[in-house]
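J.: Got a file for you: model-v2.txt, compact mmCIF, C-alpha atoms.
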```txt
# COMPACT_ATOMS: atom_id res chain seq x y z
CA MET A 1 -0.68 -7.53 17.29
CA LYS A 2 -1.78 -5.04 19.96
CA ILE A 3 -0.78 -1.47 19.09
CA PRO A 4 -0.17 0.63 22.23
CA SER A 5 -1.91 3.78 20.92
CA LYS A 6 -5.51 4.17 19.83
CA HIS A 7 -4.56 6.96 17.42
CA ILE A 8 -2.04 4.74 15.64
CA GLU A 9 -4.58 1.91 15.74
CA ASN A 10 -7.10 4.17 14.04
CA ALA A 11 -4.60 5.28 11.37
CA VAL A 12 -3.67 1.63 10.76
CA ASP A 13 -7.37 0.73 10.38
CA GLN A 14 -7.81 3.50 7.82
CA ILE A 15 -4.79 2.43 5.75
CA ALA A 16 -5.79 -1.24 6.04
CA SER A 17 -9.23 -0.34 4.66
CA LEU A 18 -7.54 0.22 1.28
CA PRO A 19 -7.79 -2.80 -1.04
CA GLY A 20 -4.89 -5.27 -0.86
CA ILE A 21 -3.24 -3.73 2.23
CA GLY A 22 -3.08 -5.85 5.36
CA ARG A 23 -2.62 -4.61 8.92
CA ARG A 24 1.07 -5.44 9.06
CA THR A 25 1.82 -3.41 5.92
CA ALA A 26 -0.51 -0.66 7.17
CA LEU A 27 1.49 -0.42 10.38
CA ARG A 28 4.73 -0.10 8.43
CA LEU A 29 3.22 2.72 6.35
CA VAL A 30 1.75 4.48 9.39
CA LEU A 31 5.08 4.38 11.24
CA ASN A 32 6.67 5.91 8.15
CA LEU A 33 4.08 8.71 8.31
CA MET A 34 4.73 9.14 12.04
CA ASN A 35 8.33 10.09 11.24
CA ARG A 36 7.25 12.96 9.01
CA SER A 37 6.78 16.58 10.01
CA THR A 38 3.36 18.03 10.84
CA GLU A 39 3.40 19.97 7.55
CA GLU A 40 4.04 16.82 5.56
CA ILE A 41 1.19 15.01 7.34
CA THR A 42 -1.09 17.98 6.68
CA ASP A 43 -0.20 17.89 2.97
CA PHE A 44 -0.80 14.14 2.97
CA SER A 45 -4.24 14.44 4.55
CA GLU A 46 -5.24 17.53 2.60
CA ALA A 47 -4.55 15.79 -0.74
CA PHE A 48 -7.48 13.40 -0.28
CA LEU A 49 -9.91 16.08 0.92
CA GLN A 50 -8.99 18.32 -2.03
CA MET A 51 -9.37 15.40 -4.40
CA LYS A 52 -12.83 14.54 -3.06
CA GLU A 53 -13.89 18.18 -3.23
CA HIS A 54 -12.64 19.09 -6.68
CA VAL A 55 -12.52 15.99 -8.87
CA LYS A 56 -15.65 15.42 -10.94
CA ASN A 57 -16.79 12.88 -13.47
CA CYS A 58 -16.98 14.24 -17.01
CA ILE A 59 -20.68 14.86 -17.81
CA THR A 60 -20.19 13.37 -21.27
CA CYS A 61 -18.06 10.26 -20.83
CA GLY A 62 -17.74 9.68 -17.05
CA ASN A 63 -13.94 9.98 -17.04
CA ILE A 64 -12.35 11.79 -14.09
CA SER A 65 -11.70 15.47 -14.59
CA ASP A 66 -11.10 18.72 -12.74
CA GLU A 67 -13.64 20.38 -15.08
CA GLU A 68 -17.25 19.63 -16.06
CA THR A 69 -16.07 18.08 -19.31
CA CYS A 70 -12.84 16.10 -19.48
CA GLU A 71 -9.80 16.99 -21.59
CA ILE A 72 -10.46 14.17 -24.04
CA CYS A 73 -14.09 15.15 -24.71
CA CYS A 74 -13.05 18.82 -25.07
CA ASN A 75 -10.22 18.05 -27.45
CA ALA A 76 -11.21 19.07 -31.02
CA ARG A 77 -8.42 16.85 -32.41
CA ARG A 78 -10.03 13.68 -31.06
CA ASP A 79 -12.50 11.84 -33.28
CA GLN A 80 -15.80 12.40 -31.48
CA SER A 81 -17.55 9.91 -33.78
CA LEU A 82 -15.54 6.98 -32.38
CA ILE A 83 -16.44 5.86 -28.83
CA CYS A 84 -14.46 3.29 -26.88
CA VAL A 85 -16.54 1.71 -24.09
CA VAL A 86 -14.45 0.85 -21.01
CA GLU A 87 -15.22 -0.43 -17.53
CA ASP A 88 -13.09 1.89 -15.47
CA ILE A 89 -11.00 5.05 -15.43
CA ARG A 90 -7.82 2.95 -15.28
CA ASP A 91 -8.74 1.42 -18.64
CA VAL A 92 -8.85 4.93 -20.11
CA LEU A 93 -5.35 5.57 -18.74
CA ALA A 94 -4.12 2.23 -20.10
CA ILE A 95 -5.45 2.93 -23.60
CA GLU A 96 -4.24 6.54 -23.50
CA SER A 97 -0.74 5.39 -22.62
CA THR A 98 -0.61 3.42 -25.91
CA GLU A 99 -0.90 6.80 -27.71
CA SER A 100 -2.56 4.95 -30.59
CA TYR A 101 -6.22 5.80 -30.03
CA LYS A 102 -7.64 9.06 -31.31
CA GLY A 103 -11.33 8.63 -30.48
CA VAL A 104 -13.19 9.36 -27.25
CA TYR A 105 -14.33 7.15 -24.37
CA HIS A 106 -17.38 6.10 -22.42
CA VAL A 107 -16.69 4.90 -18.88
CA LEU A 108 -19.36 2.45 -17.68
CA GLY A 109 -18.23 2.52 -14.05
CA GLY A 110 -18.26 -1.29 -13.79
CA ILE A 111 -19.50 -4.35 -15.64
CA ILE A 112 -22.68 -6.39 -15.28
CA SER A 113 -22.00 -8.90 -12.52
CA PRO A 114 -25.04 -10.48 -10.83
CA MET A 115 -22.69 -12.16 -8.32
CA ASP A 116 -21.60 -8.74 -7.05
CA GLY A 117 -25.10 -7.29 -7.34
CA VAL A 118 -24.18 -5.03 -10.28
CA GLY A 119 -26.99 -4.80 -12.82
CA PRO A 120 -27.27 -2.81 -16.08
CA SER A 121 -29.04 0.05 -14.28
CA ASP A 122 -25.95 0.59 -12.07
CA LEU A 123 -23.82 1.38 -15.11
CA ASN A 124 -23.64 4.44 -17.40
CA ILE A 125 -25.37 2.61 -20.27
CA ALA A 126 -28.34 4.99 -20.69
CA SER A 127 -25.96 7.93 -21.15
CA LEU A 128 -24.10 5.99 -23.86
CA VAL A 129 -27.35 5.37 -25.75
CA GLU A 130 -28.18 9.05 -25.35
CA ARG A 131 -24.79 10.06 -26.77
CA ILE A 132 -25.41 7.88 -29.78
CA THR A 133 -28.97 9.17 -30.24
CA ASN A 134 -27.85 12.80 -30.10
CA GLY A 135 -24.40 12.74 -31.62
CA GLU A 136 -22.67 11.90 -34.82
CA VAL A 137 -21.30 8.53 -33.76
CA ASN A 138 -19.98 6.15 -36.42
CA GLU A 139 -18.43 3.37 -34.37
CA VAL A 140 -18.49 1.97 -30.84
CA ILE A 141 -15.56 -0.19 -29.68
CA PHE A 142 -16.13 -2.57 -26.77
CA ALA A 143 -12.96 -2.63 -24.66
CA LEU A 144 -14.22 -4.55 -21.62
CA SER A 145 -12.46 -7.40 -19.82
CA ALA A 146 -12.35 -10.71 -21.69
CA THR A 147 -14.42 -12.42 -18.99
CA MET A 148 -17.93 -13.81 -18.74
CA GLU A 149 -19.06 -10.54 -17.13
CA GLY A 150 -17.38 -8.51 -19.87
CA ASP A 151 -19.05 -10.58 -22.59
CA THR A 152 -22.44 -10.27 -20.87
CA THR A 153 -22.07 -6.51 -20.71
CA ASN A 154 -20.95 -6.35 -24.35
CA PHE A 155 -24.03 -8.33 -25.38
CA PHE A 156 -26.39 -6.21 -23.28
CA ILE A 157 -25.07 -2.97 -24.78
CA TYR A 158 -25.01 -4.48 -28.29
CA LYS A 159 -28.77 -5.19 -28.03
CA LYS A 160 -29.35 -1.51 -27.17
CA LEU A 161 -27.21 -0.31 -30.08
CA ARG A 162 -28.12 -2.62 -32.95
CA ASP A 163 -31.02 -0.44 -34.16
CA PHE A 164 -28.67 2.48 -34.70
CA ASN A 165 -26.79 2.78 -37.95
CA ILE A 166 -23.34 2.44 -36.40
CA GLU A 167 -20.49 -0.03 -36.48
CA VAL A 168 -19.88 -2.03 -33.32
CA SER A 169 -16.47 -3.65 -32.80
CA THR A 170 -14.51 -5.28 -30.00
CA LEU A 171 -10.80 -5.52 -29.14
CA SER A 172 -9.07 -8.45 -30.85
CA ARG A 173 -8.31 -11.40 -28.61
CA GLY A 174 -5.21 -13.50 -29.10
CA VAL A 175 -1.74 -14.38 -27.97
CA ALA A 176 -0.12 -11.37 -26.25
CA VAL A 177 2.73 -9.64 -28.08
CA GLY A 178 6.06 -10.88 -26.75
CA SER A 179 4.63 -13.94 -25.00
CA GLU A 180 5.61 -17.53 -25.77
CA LEU A 181 3.04 -19.75 -27.45
CA GLN A 182 3.43 -22.63 -25.01
CA TYR A 183 2.30 -20.44 -22.13
CA ALA A 184 -0.90 -19.17 -23.80
CA ASP A 185 -4.06 -20.78 -22.40
CA GLU A 186 -6.14 -23.07 -24.62
CA VAL A 187 -9.10 -20.73 -25.10
CA THR A 188 -6.92 -17.79 -26.10
CA LEU A 189 -4.91 -20.00 -28.45
CA SER A 190 -7.96 -21.51 -30.13
CA ARG A 191 -9.50 -18.04 -30.45
CA SER A 192 -6.35 -16.67 -32.05
CA LEU A 193 -6.30 -19.60 -34.50
CA LEU A 194 -9.93 -18.96 -35.41
CA ASN A 195 -9.39 -15.21 -35.86
CA ARG A 196 -6.12 -15.63 -37.75
CA GLN A 197 -5.04 -12.62 -39.77
CA PRO A 198 -3.49 -12.22 -43.22
CA PHE A 199 0.29 -12.26 -42.86
CA GLU A 200 1.82 -8.81 -43.36
CA ILE A 201 5.43 -7.85 -43.82
CA MET B 1 0.67 7.22 -17.28
CA LYS B 2 -0.81 10.72 -17.51
CA ILE B 3 -3.59 11.28 -14.99
CA PRO B 4 -6.20 13.76 -16.26
CA SER B 5 -6.66 15.57 -12.91
CA LYS B 6 -4.03 17.41 -10.89
CA HIS B 7 -5.90 16.65 -7.65
CA ILE B 8 -5.82 12.92 -8.33
CA GLU B 9 -2.19 13.28 -9.42
CA ASN B 10 -1.40 14.94 -6.10
CA ALA B 11 -3.19 12.24 -4.08
CA VAL B 12 -1.34 9.56 -6.07
CA ASP B 13 1.98 11.29 -5.35
CA GLN B 14 1.19 11.33 -1.63
CA ILE B 15 0.26 7.64 -1.51
CA ALA B 16 3.26 6.73 -3.69
CA SER B 17 5.52 8.53 -1.19
CA LEU B 18 4.85 5.66 1.25
CA PRO B 19 7.59 2.99 1.23
CA GLY B 20 7.04 0.08 -1.15
CA ILE B 21 4.06 1.61 -2.97
CA GLY B 22 4.47 2.40 -6.65
CA ARG B 23 2.44 4.84 -8.71
CA ARG B 24 0.28 2.15 -10.29
CA THR B 25 -0.75 0.73 -6.91
CA ALA B 26 -1.18 4.27 -5.58
CA LEU B 27 -3.61 5.05 -8.39
CA ARG B 28 -5.65 1.93 -7.57
CA LEU B 29 -5.83 2.98 -3.92
CA VAL B 30 -6.69 6.58 -4.77
CA LEU B 31 -9.52 5.51 -7.10
CA ASN B 32 -10.84 3.34 -4.27
CA LEU B 33 -10.81 6.42 -2.02
CA MET B 34 -12.54 8.46 -4.75
CA ASN B 35 -15.53 6.11 -4.53
CA ARG B 36 -16.01 6.81 -0.82
CA SER B 37 -18.28 9.41 0.72
CA THR B 38 -16.98 12.79 1.88
CA GLU B 39 -17.41 11.69 5.52
CA GLU B 40 -15.30 8.61 4.95
CA ILE B 41 -12.56 10.67 3.28
CA THR B 42 -12.66 13.13 6.17
CA ASP B 43 -12.26 10.27 8.67
CA PHE B 44 -9.41 8.90 6.57
CA SER B 45 -7.55 12.22 6.46
CA GLU B 46 -8.32 13.13 10.06
CA ALA B 47 -6.81 9.85 11.34
CA PHE B 48 -3.28 10.90 10.32
CA LEU B 49 -3.58 14.44 11.67
CA GLN B 50 -4.91 13.13 15.01
CA MET B 51 -2.11 10.58 15.14
CA LYS B 52 0.56 13.22 14.51
CA GLU B 53 -0.99 15.53 17.10
CA HIS B 54 -1.55 13.04 19.92
CA VAL B 55 0.95 10.21 19.64
CA LYS B 56 4.12 10.73 21.63
CA ASN B 57 7.26 8.77 22.27
CA CYS B 58 7.48 7.42 25.81
CA ILE B 59 9.95 9.64 27.72
CA THR B 60 11.52 6.56 29.31
CA CYS B 61 11.86 3.98 26.55
CA GLY B 62 10.98 5.74 23.28
CA ASN B 63 8.05 3.42 22.49
CA ILE B 64 4.92 4.98 20.96
CA SER B 65 2.23 6.00 23.40
CA ASP B 66 -0.79 8.25 23.83
CA GLU B 67 0.62 9.31 27.24
CA GLU B 68 3.95 10.71 28.43
CA THR B 69 4.99 7.27 29.64
CA CYS B 70 3.99 4.13 27.74
CA GLU B 71 1.81 1.31 29.12
CA ILE B 72 4.77 -1.03 29.42
CA CYS B 73 6.94 1.38 31.44
CA CYS B 74 3.92 2.23 33.66
CA ASN B 75 3.05 -1.40 34.28
CA ALA B 76 4.06 -2.41 37.84
CA ARG B 77 3.89 -6.10 36.86
CA ARG B 78 6.70 -5.70 34.33
CA ASP B 79 10.25 -6.31 35.49
CA GLN B 80 11.77 -2.81 35.33
CA SER B 81 15.25 -4.21 35.98
CA LEU B 82 15.32 -6.08 32.66
CA ILE B 83 15.70 -3.91 29.54
CA CYS B 84 15.41 -5.25 26.00
CA VAL B 85 17.14 -2.98 23.47
CA VAL B 86 15.37 -2.92 20.09
CA GLU B 87 15.78 -0.98 16.88
CA ASP B 88 12.21 -0.03 16.18
CA ILE B 89 8.66 0.13 17.55
CA ARG B 90 7.68 -2.82 15.38
CA ASP B 91 10.24 -4.95 17.21
CA VAL B 92 8.47 -4.11 20.47
CA LEU B 93 5.18 -5.26 18.93
CA ALA B 94 6.82 -8.45 17.64
CA ILE B 95 8.28 -9.35 21.04
CA GLU B 96 5.07 -8.35 22.86
CA SER B 97 3.06 -10.67 20.60
CA THR B 98 5.12 -13.64 21.85
CA GLU B 99 3.65 -12.94 25.34
CA SER B 100 6.81 -14.43 26.82
CA TYR B 101 8.75 -11.31 27.81
CA LYS B 102 8.02 -9.60 31.12
CA GLY B 103 10.72 -6.92 31.18
CA VAL B 104 10.71 -3.44 29.64
CA TYR B 105 12.16 -2.03 26.40
CA HIS B 106 14.46 0.62 25.08
CA VAL B 107 13.77 1.71 21.49
CA LEU B 108 16.92 3.01 19.76
CA GLY B 109 15.08 4.45 16.78
CA GLY B 110 17.47 2.82 14.30
CA ILE B 111 20.83 1.08 14.15
CA ILE B 112 24.32 2.40 13.43
CA SER B 113 24.69 2.41 9.67
CA PRO B 114 27.39 4.64 8.19
CA MET B 115 26.11 3.80 4.70
CA ASP B 116 22.78 5.48 5.53
CA GLY B 117 24.44 8.26 7.50
CA VAL B 118 23.15 6.99 10.86
CA GLY B 119 25.71 7.41 13.62
CA PRO B 120 25.53 6.61 17.36
CA SER B 121 24.45 10.18 18.16
CA ASP B 122 21.29 9.75 16.05
CA LEU B 123 20.10 6.92 18.29
CA ASN B 124 18.64 6.90 21.83
CA ILE B 125 21.83 5.45 23.34
CA ALA B 126 22.55 8.27 25.84
CA SER B 127 19.08 7.83 27.36
CA LEU B 128 19.75 4.09 27.76
CA VAL B 129 22.99 4.79 29.65
CA GLU B 130 21.11 7.32 31.77
CA ARG B 131 18.41 4.76 32.60
CA ILE B 132 21.11 2.31 33.71
CA THR B 133 22.94 4.98 35.74
CA ASN B 134 19.77 6.06 37.54
CA GLY B 135 17.75 2.87 37.78
CA GLU B 136 17.90 -0.57 39.28
CA VAL B 137 18.82 -2.39 36.09
CA ASN B 138 20.11 -5.97 36.34
CA GLU B 139 20.24 -7.06 32.73
CA VAL B 140 20.22 -5.60 29.21
CA ILE B 141 19.21 -7.83 26.31
CA PHE B 142 20.34 -6.85 22.80
CA ALA B 143 17.56 -7.71 20.37
CA LEU B 144 18.82 -6.00 17.23
CA SER B 145 18.89 -7.43 13.72
CA ALA B 146 21.46 -10.16 13.13
CA THR B 147 23.28 -8.05 10.56
CA MET B 148 26.62 -6.27 10.40
CA GLU B 149 24.88 -3.00 11.44
CA GLY B 150 23.15 -4.77 14.34
CA ASP B 151 26.42 -6.28 15.53
CA THR B 152 28.17 -2.89 15.28
CA THR B 153 25.45 -1.25 17.34
CA ASN B 154 25.55 -4.07 19.90
CA PHE B 155 29.30 -3.61 20.26
CA PHE B 156 29.06 0.18 20.54
CA ILE B 157 26.44 -0.05 23.30
CA TYR B 158 28.35 -2.88 25.03
CA LYS B 159 31.39 -0.61 25.33
CA LYS B 160 29.22 2.01 27.06
CA LEU B 161 27.72 -0.55 29.46
CA ARG B 162 30.64 -2.74 30.45
CA ASP B 163 31.66 -0.52 33.41
CA PHE B 164 28.24 -1.02 35.01
CA ASN B 165 27.61 -4.03 37.16
CA ILE B 166 24.92 -5.52 34.91
CA GLU B 167 24.50 -8.61 32.77
CA VAL B 168 24.46 -8.06 29.02
CA SER B 169 22.94 -10.74 26.81
CA THR B 170 21.79 -11.13 23.22
CA LEU B 171 19.09 -13.14 21.49
CA SER B 172 20.18 -16.66 20.60
CA ARG B 173 20.91 -17.24 16.94
CA GLY B 174 20.21 -20.56 15.32
CA VAL B 175 17.97 -22.59 13.06
CA ALA B 176 14.40 -21.18 13.13
CA VAL B 177 11.76 -23.30 14.84
CA GLY B 178 9.80 -25.29 12.24
CA SER B 179 12.35 -24.79 9.46
CA GLU B 180 14.17 -27.60 7.68
CA LEU B 181 17.90 -27.93 8.30
CA GLN B 182 18.85 -28.15 4.64
CA TYR B 183 17.44 -24.66 4.00
CA ALA B 184 19.36 -22.97 6.84
CA ASP B 185 22.27 -20.85 5.61
CA GLU B 186 25.84 -21.88 6.45
CA VAL B 187 26.57 -19.09 8.93
CA THR B 188 23.39 -19.73 10.93
CA LEU B 189 24.01 -23.47 10.90
CA SER B 190 27.61 -23.19 12.05
CA ARG B 191 26.57 -20.71 14.76
CA SER B 192 23.84 -23.05 16.00
CA LEU B 193 26.37 -25.93 16.11
CA LEU B 194 28.79 -23.78 18.09
CA ASN B 195 26.09 -22.66 20.54
CA ARG B 196 24.55 -26.09 20.92
CA GLN B 197 22.34 -26.55 23.96
CA PRO B 198 21.92 -29.40 26.44
CA PHE B 199 19.13 -31.69 25.20
CA GLU B 200 15.94 -31.33 27.24
CA ILE B 201 12.85 -33.50 27.23
```
Using the file provided, produce a representation of the structure as structure tokens.
T.:
Amino acid sequence: MKIPSKHIENAVDQIASLPGIGRRTALRLVLNLMNRSTEEITDFSEAFLQMKEHVKNCITCGNISDEETCEICCNARRDQSLICVVEDIRDVLAIESTESYKGVYHVLGGIISPMDGVGPSDLNIASLVERITNGEVNEVIFALSATMEGDTTNFFIYKKLRDFNIEVSTLSRGVAVGSELQYADEVTLSRSLLNRQPFEI
Amino acid sequence: MKIPSKHIENAVDQIASLPGIGRRTALRLVLNLMNRSTEEITDFSEAFLQMKEHVKNCITCGNISDEETCEICCNARRDQSLICVVEDIRDVLAIESTESYKGVYHVLGGIISPMDGVGPSDLNIASLVERITNGEVNEVIFALSATMEGDTTNFFIYKKLRDFNIEVSTLSRGVAVGSELQYADEVTLSRSLLNRQPFEI
């Protein structure tokens, strides 16, 4: 597909550099932008520059924030002694949207994955240990992906934390709420049998 | 999903304003942008501003171009007496990628669709009539979508052109090459029976 304008070509390349967007979709999006006014395009472009300039990572937990310290770490109503360890900012948003967690977070910025060249030193693990050394932490919850990499990371962090007098827990694994049993995979099903819970009414 | 930064929120809103992109996807794309360097973000933003500033519509056919007149209209090897009428720039790209069309184009910029408030006066129909009045045009090919709106637009333009001494044709409709007969819809199948062609070896 030869685009008859190098400026459009360039815009298409930029949009197609985003994950999961191919050149055909990128062209559709760029042509949509082309139909907008100059002011709208300026607002569009300015949004990313402003974001890059002003958004910081919280110095305590690594979550995104417009301030030095994020809203969750600043919030006196949150239980600062309970830390949930997550891979990514999106995991924070996912847990926050449940509205059922009242502790704080620690964003690792990834998980240990030798295949992708991500080692423990690339993650915010030292700052987690520091938080626990300095602060009044009672419990750390591992909320990483239920994959080999997630388990490896859990184990690596657990080794760092076991000398502290804190509880370490992990999210329960099992059949998803609302899903049919026959569609659950074998490992999940056997794990949820093993970790069966007392029946409650 | 409450995003803890108004700058990120703004960037997500901008990306989500593109057609077919929801807020969840937009957030994923924005977080990908967040991980890029300031130079990369500047290049990203600049691409759209440059595009808006420099890309024009060809004064002859309405195709996108970096110059006043597009490459196709300028090209002396193209048959300027054969005009293919299309809805959109993407249709030009689609036909160009077949490498089997040697005429020129006329981009309408849409099709007549009363439901969407698009009337004949919103389209580049007057400029098509002008091209035919002034130029040495032998044939006009309608290459609009095979929908009710496309047929309406074809008919509207046909009425404008029938007093000129030119041929007017339309793309053939029929079973797609490589597709199985049983999956063709009834209307297409009956049309391709009606317009059956002499068998060629």
J.: Which is closer to Thr133 in chain A than all the others in A:Glu68, A:His54, A:Asp163, A:Pro4, using only C-alpha atoms?
T.: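 Selected residue with least distance to Thr133 in chain A: A:Asp163.
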J.: Go ahead and compute the interatomic distance for CA of Glu136 in chain B and CA of Leu93 in chain B, in Å to one decimal.
T.: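 Computing it gives 24.5 Å between the two atoms.
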J.: Could you tell me which residues of chain B sit within 8 Å of chain A when counting all atoms listed in the file, and give me the result as an MDAnalysis selection string?
T.: chainID B and resid 1:8 10:11 14:15 18:19 29 32:34 38 41:42 44:52 54:55 64:66 70:71 93:94 97
J.: Show me, as a list in words, the residues that have an atom within 8 Å of Glu87 in chain B when counting only C-alpha atoms, minus same-chain residues fewer than 3 positions from it.
T.: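 Once the nearby chain positions are removed, what remains is Asp91, Val107, Leu108, Gly109, Gly110, Ile111, Ala143, Leu144 and Ser145 of chain B.
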J.: Residues around (15.1, -4.2, 30.7), cut-off 10 Å, counting all atoms listed in the file - what are they as a list in words?
T.: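 Residues with an atom close enough to that point: Cys61, Cys73, Arg78, Asp79, Gln80, Ser81, Leu82, Ile83, Cys84, Val85, Tyr101, Lys102, Gly103, Val104, Tyr105, His106, Leu128, Arg131, Ile132, Glu136, Val137, Asn138, Glu139, Val140, Ile141 and Phe142 of chain B.
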J.: Write out as a VMD selection string which residues come within 12 Å of Ala146 in chain A when counting all atoms listed in the file, dropping same-chain ones fewer than 5 positions away.
T.: chain A and resid 86 to 87 111 151 to 154 170 to 174 187 to 188 191
J.: One decimal, in Å: what's the spacing between CA of Ser192 in chain B and CA of Val175 in chain B?
T.: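 Here the two named atoms are 6.6 Å from each other.
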J.: How many Å separate CA of Glu130 in chain B from CA of Met115 in chain B?
T.: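 Between these atoms lies a distance of 27.8 Å.
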J.: Around range 36-45 of chain B, fit a box with edges along x, y and z, padding it by 6 Å on each side, then list its centre and edge lengths in Å to one decimal as lines of an AutoDock Vina configuration file.
T.:
```
center_x = -12.9
center_y = 10.0
center_z = 3.9
size_x = 22.7
size_y = 18.3
size_z = 21.5
```
J.: From the set B:Gly178, B:Gly22, B:Gly119, B:Gly62, which residue has the shortest atom-to-atom contact distance to Glu149 in chain B, counting all atoms listed in the file?
T.: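 Going through B:Gly178, B:Gly22, B:Gly119, B:Gly62 one by one, the smallest distance to Glu149 in chain B is for B:Gly119.
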J.: Export range 127-185 of chain A from the structure block above, keeping C-alpha atoms, as a tab-separated table (two decimals), in the first residue's frame.
T.:
```tsv
chain	number	residue	atom	x	y	z
A	127	SER	CA	12.41	0.02	46.93
A	128	LEU	CA	9.84	-2.51	48.19
A	129	VAL	CA	12.37	-3.99	50.61
A	130	GLU	CA	13.26	-0.47	51.71
A	131	ARG	CA	9.59	0.35	52.35
A	132	ILE	CA	9.29	-2.73	54.51
A	133	THR	CA	12.53	-1.98	56.38
A	134	ASN	CA	11.48	1.59	57.12
A	135	GLY	CA	7.73	1.37	57.48
A	136	GLU	CA	5.13	-0.29	59.59
A	137	VAL	CA	4.17	-3.00	57.13
A	138	ASN	CA	2.13	-5.97	58.35
A	139	GLU	CA	1.29	-7.80	55.14
A	140	VAL	CA	2.43	-8.00	51.53
A	141	ILE	CA	0.00	-9.40	48.93
A	142	PHE	CA	1.44	-10.77	45.68
A	143	ALA	CA	-0.95	-9.87	42.86
A	144	LEU	CA	1.18	-10.82	39.85
A	145	SER	CA	0.07	-12.78	36.78
A	146	ALA	CA	-0.57	-16.49	37.34
A	147	THR	CA	2.23	-17.44	34.94
A	148	MET	CA	5.67	-18.99	35.26
A	149	GLU	CA	7.20	-15.50	35.22
A	150	GLY	CA	4.76	-14.29	37.87
A	151	ASP	CA	5.55	-17.27	40.11
A	152	THR	CA	9.30	-16.74	39.64
A	153	THR	CA	8.96	-13.10	40.64
A	154	ASN	CA	6.80	-14.02	43.63
A	155	PHE	CA	9.44	-16.50	44.79
A	156	PHE	CA	12.31	-14.04	44.27
A	157	ILE	CA	10.56	-11.34	46.32
A	158	TYR	CA	9.47	-13.88	48.96
A	159	LYS	CA	13.13	-14.81	49.57
A	160	LYS	CA	13.92	-11.12	50.18
A	161	LEU	CA	10.98	-10.72	52.59
A	162	ARG	CA	11.01	-13.89	54.66
A	163	ASP	CA	13.39	-12.49	57.30
A	164	PHE	CA	10.97	-9.68	58.08
A	165	ASN	CA	8.19	-10.27	60.56
A	166	ILE	CA	5.37	-9.78	58.06
A	167	GLU	CA	2.65	-11.87	56.50
A	168	VAL	CA	3.04	-12.69	52.82
A	169	SER	CA	-0.04	-13.74	50.84
A	170	THR	CA	-1.06	-14.21	47.22
A	171	LEU	CA	-4.33	-13.83	45.31
A	172	SER	CA	-6.47	-16.97	45.38
A	173	ARG	CA	-6.50	-18.97	42.17
A	174	GLY	CA	-9.58	-20.82	41.03
A	175	VAL	CA	-12.55	-20.97	38.72
A	176	ALA	CA	-13.60	-17.44	37.72
A	177	VAL	CA	-16.88	-16.13	39.11
A	178	GLY	CA	-19.65	-16.57	36.55
A	179	SER	CA	-17.73	-19.03	34.38
A	180	GLU	CA	-18.86	-22.57	33.60
A	181	LEU	CA	-16.90	-25.43	35.11
A	182	GLN	CA	-16.52	-27.35	31.85
A	183	TYR	CA	-14.58	-24.46	30.31
A	184	ALA	CA	-12.05	-24.09	33.15
A	185	ASP	CA	-8.59	-25.45	32.26
```
